[in-house]
Amino acid sequence: MPILLITTAPPAKSPWGMAGRLPPLGLAYVAAALEKYGFEVEIFDNYLLERPIEEVKTEISKRAPEIVGITCSSLTYERCIETAKAVKEALPSCKVVVGGPHPSYMPETMLQHTEIDYVVIGEGEQAIVKLAKALTREQKDNEVAQIPGIAYGEIRNAPEFIAKLDKIPFPARHLLPMKMYDRRIPYLNVEPVDTMSIIRGCPYSCAYCETKELWGNTCRTFTPQRIIDEIEYMIKTYSTKGIYFVGDNFTINKKKAFQLCGLIKKNKIDIKWVCDTRADLVSRALLREMKNAGCQTIFFGVESGSPPIMEKLNKNLSLQKISEAFELCKQEGIQTVASFMLGIPGETMDDMQATFEFAKQLNPDWCQFNIYVACPGSKLYNEVIQKGLYDQMDNFLARVKTAEFDYDMLLKVQRQFQSSFNKSPARLIRVIKRDGVVSALKKGVSLFLH
Ligand code: B12
Ligand code: SF4
């Protein structure tokens with residue numbers, strides 16, 4: 001049974017801005033699971049290629065799959081529906097399955113479209129294999145209705161999390177045009193850089209985040225040896241020099257993080273990497289071990305410099321702890337990225353100013369001031385919707401507006417903060433230390449012109 005997995009083109013115009021073009025790891029995992037069970041699979045990454053829908057339709061007719069799986073985030077919701085329609089126009093008997101963050105949080109918004117046959121809620125690997133197997137059999141209806149994480153008609157089955165992640169194969173990167181992706185990242189001084197996802201689930205309950213809804217509240221990881229096997233495979237197959245560990249809280253399981261770093265050193269693996277984590281999940285000993293194992297940069301979601309706003313975000317993390325983590329990283333020679341959000345419901349201009357002051361105090365290597373967008377699945381999203389604290393809704397993502405601020409004000413504040421931070425002497429000194437005078441001067445000129 002031939003199966004085609006598709007990412008949709010990004011929306012033509014989005015108030016949320018567009019991020020980089022990285023390999024769609026989720027679809028690659030789904031593809032690998034299907035291949036393991038002998039299914040014939042192709043991936044068409046139209047988020048990367050951005051072909052118009054008529055061309056997508058031609059592509060679908062040409063490949064003649066019996067199942068099309070589409071990945072969907074809230075941002076690409078409309079594109080997903082458009083693509084599902086194109087599938088049914090090209091091949092009316094082809095089954096359309098959607099999965100990814102948005103269908104997992106809001107399956108009803110997908111199933112109201114008759115072009116969509118099935119929704120997969122949560123992790124896709126087990127559900128898609130069960131579904132594809134069932135669809136090849138005579139008694140498919142009974143079998144499909146039993147699949148955990150499947151939704152269609154009146155059926156809404158709860159997902160089943162994969163207990164032992166090592167059981168799932170490496171993502172099927174061989175089905176992707178690997179050379180066409182953005183294989184550079186400002187936080188690493190090597191290239192090509194590729195992505196890996198090694199952790200699923202999070203026990204924290206930050207009000208703006210919906211990760212739990214997709215991955216559950218228990219943190220699951222691949223074993224350190226399995227991660228090493230994938231890194232070595234990447235180096236051998238794709239000449240990978242840097243790894244961007246996408247996803248949340250790399251150091252959440254400190255023991256495994258130590259083991260992984262130990263194995264990188266023991267096997268003399270020459271790789272540089274960047275990861276995300278929380279400021280309360282690092283220690284000097286761990287940072288030292290990470291640095292020795294090739295970690296160049298850590299991305300911290302700091303979010304705010306205002307204690308009441310941190311309280312509101314339910315981050316359960318003090319500013320003191322964050323300052324300590326940044327200081328430790330400096331001392332151990334690991335670069336830092338501090339990411340902040342502006343425009344949290346309840347935030348005042350004073351709170352935003354506190355964020356800016358805190359950013360200066362942390363003095364990270366890179367600083368991002370992002371305008372908060374309320375995403376389905378999170379506690380804060382529900383509050384924004386219930387209280388009507390938004391002035392624009394695009395693909396279910398809400399642009400927040402309160403008595404204190406609107407989007408235009410936030411844009412001004414964001415530009416001012418970003419520009420002041422980039423031009424600050426402390427930052428320039430940091431860039432000189434990091435990149436050398438010539439490169440820093442070049443960057444300095446571009447920063448001042450910013
Ligand atoms: C890395 C990342 C990015 C990268 C790369 C994205 C990419 N090409 O994959 C970049 C930086 C480009 C990015 C951009 C954006 N991102 Co992002 N991103 C992530 C992050 C941290 C990891 C994604 C990942 O690789 N996960 C690992 C893989 C294995 O998981 P997965 O893709 O979800 O796939 C699994 C299941 O969802 C399911 N599945 C997925 N697709 C399908 C399809 C079928 C048919 C089936 C059966 C199953 C299935 O099975 C997969 C395997 O189990 C997640 C958070 C997270 N922890 O997941 C946020 C996340 C996906 N991003 C998010 C957002 C909001 C964005 C942006 C809108 C941000 C912005 N303002 O620009 C853009 C939109 C990009 C887009 N195409 O939609 C939200 C999505 C929320 C939502 N409601 O949709 C998330 C959940 C983060 C968050 N908590 O807010 N992102
Ligand atoms: S923001 Fe990070 S720590 Fe907080 S709930 Fe989401 S994944 Fe967990």
# chains A, B, ... in the order shown; residues from 1 in each chain; ligands from 1
call {"tool": "closest_atom_pairs", "arguments": {"of": "chain A", "to": "ligand 2", "cutoff": "12 Å", "atoms": "only C-alpha atoms and all ligand atoms", "output": "Markdown table"}}
result
| residue | atom | partner | partner_atom_place_in_ligand_line | distance |
| --- | --- | --- | --- | --- |
| A:Ile199 | CA | ligand 2 | 7 (S) | 10.1 |
| A:Arg200 | CA | ligand 2 | 7 (S) | 9.1 |
| A:Gly201 | CA | ligand 2 | 7 (S) | 7.4 |
| A:Cys202 | CA | ligand 2 | 8 (Fe) | 4.7 |
| A:Pro203 | CA | ligand 2 | 8 (Fe) | 6.3 |
| A:Tyr204 | CA | ligand 2 | 5 (S) | 4.4 |
| A:Ser205 | CA | ligand 2 | 5 (S) | 4.5 |
| A:Cys206 | CA | ligand 2 | 4 (Fe) | 4.3 |
| A:Ala207 | CA | ligand 2 | 5 (S) | 7.4 |
| A:Tyr208 | CA | ligand 2 | 1 (S) | 7.2 |
| A:Cys209 | CA | ligand 2 | 6 (Fe) | 4.6 |
| A:Glu210 | CA | ligand 2 | 6 (Fe) | 6.4 |
| A:Thr211 | CA | ligand 2 | 6 (Fe) | 5.4 |
| A:Lys212 | CA | ligand 2 | 5 (S) | 6.8 |
| A:Glu213 | CA | ligand 2 | 5 (S) | 9.9 |
| A:Leu214 | CA | ligand 2 | 7 (S) | 10.6 |
| A:Trp215 | CA | ligand 2 | 7 (S) | 9.6 |
| A:Gly216 | CA | ligand 2 | 8 (Fe) | 10.2 |
| A:Asn217 | CA | ligand 2 | 8 (Fe) | 8.5 |
| A:Thr218 | CA | ligand 2 | 8 (Fe) | 10.2 |
| A:Cys219 | CA | ligand 2 | 8 (Fe) | 9.4 |
| A:Val246 | CA | ligand 2 | 7 (S) | 11.2 |
| A:Gly247 | CA | ligand 2 | 7 (S) | 7.6 |
| A:Asp248 | CA | ligand 2 | 7 (S) | 5.0 |
| A:Asn249 | CA | ligand 2 | 2 (Fe) | 6.5 |
| A:Phe250 | CA | ligand 2 | 2 (Fe) | 10.2 |
| A:Thr251 | CA | ligand 2 | 3 (S) | 11.1 |
| A:Ile252 | CA | ligand 2 | 3 (S) | 9.2 |
| A:Asp276 | CA | ligand 2 | 2 (Fe) | 8.9 |
| A:Thr277 | CA | ligand 2 | 2 (Fe) | 7.6 |
| A:Arg278 | CA | ligand 2 | 3 (S) | 6.5 |
| A:Ala279 | CA | ligand 2 | 3 (S) | 9.8 |
| A:Asp280 | CA | ligand 2 | 3 (S) | 10.1 |
| A:Leu281 | CA | ligand 2 | 3 (S) | 10.0 |
| A:Phe299 | CA | ligand 2 | 2 (Fe) | 11.3 |
| A:Phe300 | CA | ligand 2 | 2 (Fe) | 9.4 |
| A:Gly301 | CA | ligand 2 | 1 (S) | 7.3 |
| A:Val302 | CA | ligand 2 | 1 (S) | 9.5 |
| A:Glu303 | CA | ligand 2 | 1 (S) | 9.3 |
| A:Met310 | CA | ligand 2 | 4 (Fe) | 11.4 |
| A:Leu313 | CA | ligand 2 | 4 (Fe) | 8.9 |
| A:Asn314 | CA | ligand 2 | 4 (Fe) | 8.3 |
| A:Lys315 | CA | ligand 2 | 4 (Fe) | 6.2 |
| A:Asn316 | CA | ligand 2 | 4 (Fe) | 8.8 |
| A:Leu317 | CA | ligand 2 | 3 (S) | 9.7 |
| A:Ser339 | CA | ligand 2 | 1 (S) | 11.4 |
| A:Phe340 | CA | ligand 2 | 1 (S) | 11.8 |
| A:Met341 | CA | ligand 2 | 1 (S) | 11.8 |
| A:Cys375 | CA | ligand 2 | 6 (Fe) | 11.9 |
| A:Gly377 | CA | ligand 2 | 6 (Fe) | 11.2 |
| A:Ser378 | CA | ligand 2 | 5 (S) | 9.3 |
| A:Lys379 | CA | ligand 2 | 5 (S) | 10.6 |
| A:Leu380 | CA | ligand 2 | 5 (S) | 11.9 |
call {"tool": "residues_near_ligand", "arguments": {"ligand": "ligand 1", "cutoff": "7 Å", "atoms": "only C-alpha atoms and all ligand atoms", "output": "number ranges by chain"}}
result
A: 5, 10, 16-27, 29-30, 47, 69-76, 97-102, 120, 122-125, 127-128, 197, 200, 209-211, 214, 246-248, 375-377
call {"tool": "write_last_selection", "arguments": {"atoms": "N, CA and C atoms", "output": "CSV table (one decimal), in the first residue's frame"}}
result
chain,number,residue,atom,x,y,z
A,5,LEU,N,3.5,11.1,2.6
A,5,LEU,CA,3.4,12.0,3.7
A,5,LEU,C,3.8,13.4,3.2
A,10,PRO,N,4.0,27.0,3.8
A,10,PRO,CA,3.6,27.9,4.9
A,10,PRO,C,2.5,28.8,4.4
A,16,TRP,N,2.5,35.8,12.4
A,16,TRP,CA,3.4,35.2,13.3
A,16,TRP,C,4.8,35.1,12.8
A,17,GLY,N,5.0,35.5,11.6
A,17,GLY,CA,6.4,35.4,11.0
A,17,GLY,C,6.7,34.0,10.7
A,18,MET,N,7.7,33.8,9.9
A,18,MET,CA,8.1,32.5,9.5
A,18,MET,C,9.4,32.1,10.1
A,19,ALA,N,9.6,30.9,10.5
A,19,ALA,CA,10.9,30.4,11.0
A,19,ALA,C,11.6,29.6,10.0
A,20,GLY,N,12.8,29.1,10.3
A,20,GLY,CA,13.6,28.5,9.4
A,20,GLY,C,13.1,27.2,8.8
A,21,ARG,N,13.7,26.7,7.7
A,21,ARG,CA,13.3,25.5,7.0
A,21,ARG,C,14.1,24.3,7.5
A,22,LEU,N,13.6,23.6,8.4
A,22,LEU,CA,14.3,22.4,9.0
A,22,LEU,C,13.6,21.1,8.5
A,23,PRO,N,14.3,20.0,8.5
A,23,PRO,CA,13.6,18.8,8.1
A,23,PRO,C,12.4,18.5,9.0
A,24,PRO,N,11.3,18.0,8.5
A,24,PRO,CA,10.1,17.7,9.3
A,24,PRO,C,10.4,16.4,10.0
A,25,LEU,N,11.0,16.5,11.2
A,25,LEU,CA,11.3,15.2,11.9
A,25,LEU,C,10.2,14.3,12.3
A,26,GLY,N,9.0,15.0,12.6
A,26,GLY,CA,7.8,14.2,13.0
A,26,GLY,C,7.4,13.3,11.8
A,27,LEU,N,7.3,13.9,10.6
A,27,LEU,CA,6.9,13.0,9.5
A,27,LEU,C,8.0,12.0,9.2
A,29,TYR,N,9.8,10.5,11.4
A,29,TYR,CA,9.6,9.4,12.3
A,29,TYR,C,8.5,8.5,11.9
A,30,VAL,N,7.4,9.1,11.5
A,30,VAL,CA,6.2,8.4,11.0
A,30,VAL,C,6.6,7.5,9.8
A,47,TYR,N,6.5,22.4,2.8
A,47,TYR,CA,6.9,23.5,3.6
A,47,TYR,C,8.2,24.1,3.1
A,69,GLY,N,-0.8,11.2,4.4
A,69,GLY,CA,-0.7,11.7,5.8
A,69,GLY,C,-0.2,13.1,5.7
A,70,ILE,N,-0.9,14.0,6.4
A,70,ILE,CA,-0.5,15.4,6.4
A,70,ILE,C,-0.1,15.9,7.8
A,71,THR,N,1.0,16.6,7.9
A,71,THR,CA,1.4,17.1,9.2
A,71,THR,C,0.8,18.5,9.4
A,72,CYS,N,0.3,18.8,10.6
A,72,CYS,CA,-0.4,20.1,10.7
A,72,CYS,C,-0.1,20.8,12.1
A,73,SER,N,0.5,22.0,12.0
A,73,SER,CA,0.5,22.8,13.2
A,73,SER,C,-0.6,23.8,13.1
A,74,SER,N,-0.8,24.6,14.1
A,74,SER,CA,-1.9,25.6,14.0
A,74,SER,C,-1.6,26.5,12.9
A,75,LEU,N,-0.4,26.9,12.8
A,75,LEU,CA,0.0,27.9,11.7
A,75,LEU,C,-0.4,27.4,10.3
A,76,THR,N,-0.3,26.1,10.1
A,76,THR,CA,-0.5,25.5,8.7
A,76,THR,C,-1.9,24.9,8.6
A,97,VAL,N,-5.1,11.2,6.3
A,97,VAL,CA,-4.9,11.1,7.7
A,97,VAL,C,-4.1,12.4,8.1
A,98,VAL,N,-4.5,13.1,9.2
A,98,VAL,CA,-3.7,14.2,9.6
A,98,VAL,C,-3.2,14.0,11.1
A,99,GLY,N,-2.0,14.5,11.3
A,99,GLY,CA,-1.4,14.4,12.7
A,99,GLY,C,-0.6,15.6,12.9
A,100,GLY,N,0.0,15.7,14.1
A,100,GLY,CA,0.8,16.9,14.5
A,100,GLY,C,0.2,17.6,15.6
A,101,PRO,N,0.8,18.8,16.0
A,101,PRO,CA,0.3,19.5,17.2
A,101,PRO,C,-1.2,19.9,17.1
A,102,HIS,N,-1.5,20.6,16.0
A,102,HIS,CA,-2.9,21.1,16.0
A,102,HIS,C,-4.0,20.0,16.0
A,120,VAL,N,-4.9,11.6,13.8
A,120,VAL,CA,-4.0,10.9,14.8
A,120,VAL,C,-3.7,11.9,15.9
A,122,GLY,N,-1.6,12.9,19.2
A,122,GLY,CA,-0.3,12.5,19.8
A,122,GLY,C,0.7,11.9,18.9
A,123,GLU,N,1.6,11.1,19.6
A,123,GLU,CA,2.7,10.5,18.8
A,123,GLU,C,2.1,9.6,17.7
A,124,GLY,N,2.8,9.7,16.5
A,124,GLY,CA,2.2,9.1,15.3
A,124,GLY,C,2.7,7.7,15.0
A,125,GLU,N,3.9,7.3,15.5
A,125,GLU,CA,4.5,6.1,15.0
A,125,GLU,C,3.6,4.8,15.1
A,127,ALA,N,0.3,4.6,15.9
A,127,ALA,CA,-1.0,4.7,15.4
A,127,ALA,C,-1.1,4.6,13.9
A,128,ILE,N,-0.1,5.2,13.2
A,128,ILE,CA,-0.1,5.2,11.7
A,128,ILE,C,0.1,3.7,11.2
A,197,SER,N,15.8,14.9,17.7
A,197,SER,CA,14.8,15.1,18.8
A,197,SER,C,14.9,13.9,19.7
A,200,ARG,N,10.8,13.4,24.8
A,200,ARG,CA,9.3,13.6,24.6
A,200,ARG,C,8.7,13.7,26.0
A,209,CYS,N,2.4,27.0,27.5
A,209,CYS,CA,3.0,25.9,26.7
A,209,CYS,C,2.0,24.7,26.7
A,210,GLU,N,2.0,24.0,25.6
A,210,GLU,CA,1.0,22.9,25.4
A,210,GLU,C,1.7,21.6,25.1
A,211,THR,N,3.0,21.6,25.4
A,211,THR,CA,3.8,20.4,25.1
A,211,THR,C,3.2,19.1,25.7
A,214,LEU,N,0.6,17.1,23.8
A,214,LEU,CA,1.1,16.3,22.7
A,214,LEU,C,1.9,15.1,23.2
A,246,VAL,N,16.4,19.7,19.0
A,246,VAL,CA,15.2,20.4,19.1
A,246,VAL,C,14.3,19.8,20.3
A,247,GLY,N,13.5,20.6,20.8
A,247,GLY,CA,12.6,20.1,21.8
A,247,GLY,C,13.0,20.6,23.2
A,248,ASP,N,12.4,20.0,24.2
A,248,ASP,CA,12.5,20.7,25.5
A,248,ASP,C,13.4,20.0,26.5
A,375,CYS,N,-1.3,30.0,21.8
A,375,CYS,CA,-1.4,28.7,21.0
A,375,CYS,C,-2.4,27.8,21.7
A,376,PRO,N,-3.3,27.2,20.8
A,376,PRO,CA,-4.2,26.2,21.3
A,376,PRO,C,-3.5,25.1,22.2
A,377,GLY,N,-4.2,24.6,23.2
A,377,GLY,CA,-3.7,23.5,24.0
A,377,GLY,C,-3.2,24.0,25.3
call {"tool": "residues_around", "arguments": {"residues": "Lys36 of chain A", "least_positions_apart": "5", "cutoff": "10 Å", "atoms": "only C-alpha atoms", "output": "ChimeraX atom specification"}}
result
/A:31,129,168-169
call {"tool": "residues_around", "arguments": {"residues": "Ile53 of chain A", "least_positions_apart": "4", "cutoff": "10 Å", "atoms": "only C-alpha atoms", "output": "VMD selection string"}}
result
chain A and resid 8 to 9 46 57 to 59 79 82 to 83 85 to 86
call {"tool": "write_last_selection", "arguments": {"atoms": "C-alpha atoms", "output": "PDB file, in the first residue's frame"}}
result
ATOM      1  CA  THR A   8       2.026  21.882   3.562  1.00  0.00           C
ATOM      2  CA  ALA A   9       3.373  25.162   2.248  1.00  0.00           C
ATOM      3  CA  ASN A  46       6.099  21.288   0.602  1.00  0.00           C
ATOM      4  CA  LYS A  57      -2.358  17.977  -6.782  1.00  0.00           C
ATOM      5  CA  THR A  58      -0.422  16.896  -9.896  1.00  0.00           C
ATOM      6  CA  GLU A  59       2.266  15.438  -7.675  1.00  0.00           C
ATOM      7  CA  ARG A  79      -3.013  24.900   4.236  1.00  0.00           C
ATOM      8  CA  GLU A  82      -6.507  22.930   1.294  1.00  0.00           C
ATOM      9  CA  THR A  83      -4.106  20.012   0.796  1.00  0.00           C
ATOM     10  CA  LYS A  85      -9.133  18.832  -0.550  1.00  0.00           C
ATOM     11  CA  ALA A  86      -6.489  18.559  -3.274  1.00  0.00           C
TER      12      ALA A  86
END
call {"tool": "closest_atom_pairs", "arguments": {"of": "segment 41-122 of chain A", "to": "segment 172-195 of chain A", "cutoff": "8 Å", "atoms": "only C-alpha atoms", "output": "tab-separated table"}}
result
residue	atom	partner	partner_atom	distance
A:Glu42	CA	A:Leu175	CA	6.4
A:Ile43	CA	A:Leu175	CA	6.0
A:Phe44	CA	A:Leu176	CA	7.9
A:Asp45	CA	A:Leu176	CA	7.4
A:Leu48	CA	A:Tyr181	CA	7.5
call {"tool": "closest_residue", "arguments": {"among": "A:Leu410, A:Ala426, A:Gln335, A:Glu50", "to": "Gln361 of chain A", "atoms": "only C-alpha atoms"}}
result
A:Ala426
call {"tool": "select_by_dssp", "arguments": {"residues": "segment 159-233 of chain A", "states": "strand (DSSP E or B)", "output": "PyMOL selection string"}}
result
chain A and resi 193-197+199-200+220-221
call {"tool": "write_last_selection", "arguments": {"atoms": "C-alpha atoms", "output": "mmCIF file, in the first residue's frame"}}
result
data_model
loop_
_atom_site.group_PDB
_atom_site.id
_atom_site.type_symbol
_atom_site.label_atom_id
_atom_site.label_comp_id
_atom_site.auth_asym_id
_atom_site.auth_seq_id
_atom_site.Cartn_x
_atom_site.Cartn_y
_atom_site.Cartn_z
ATOM 1 C CA VAL A 193 24.087 21.371 11.265
ATOM 2 C CA ASP A 194 21.283 18.807 11.487
ATOM 3 C CA THR A 195 18.433 18.347 13.934
ATOM 4 C CA MET A 196 17.676 15.560 16.366
ATOM 5 C CA SER A 197 14.779 15.105 18.753
ATOM 6 C CA ILE A 199 13.104 13.882 24.490
ATOM 7 C CA ARG A 200 9.331 13.621 24.620
ATOM 8 C CA ARG A 220 10.751 9.999 28.038
ATOM 9 C CA THR A 221 14.115 9.882 26.300
#
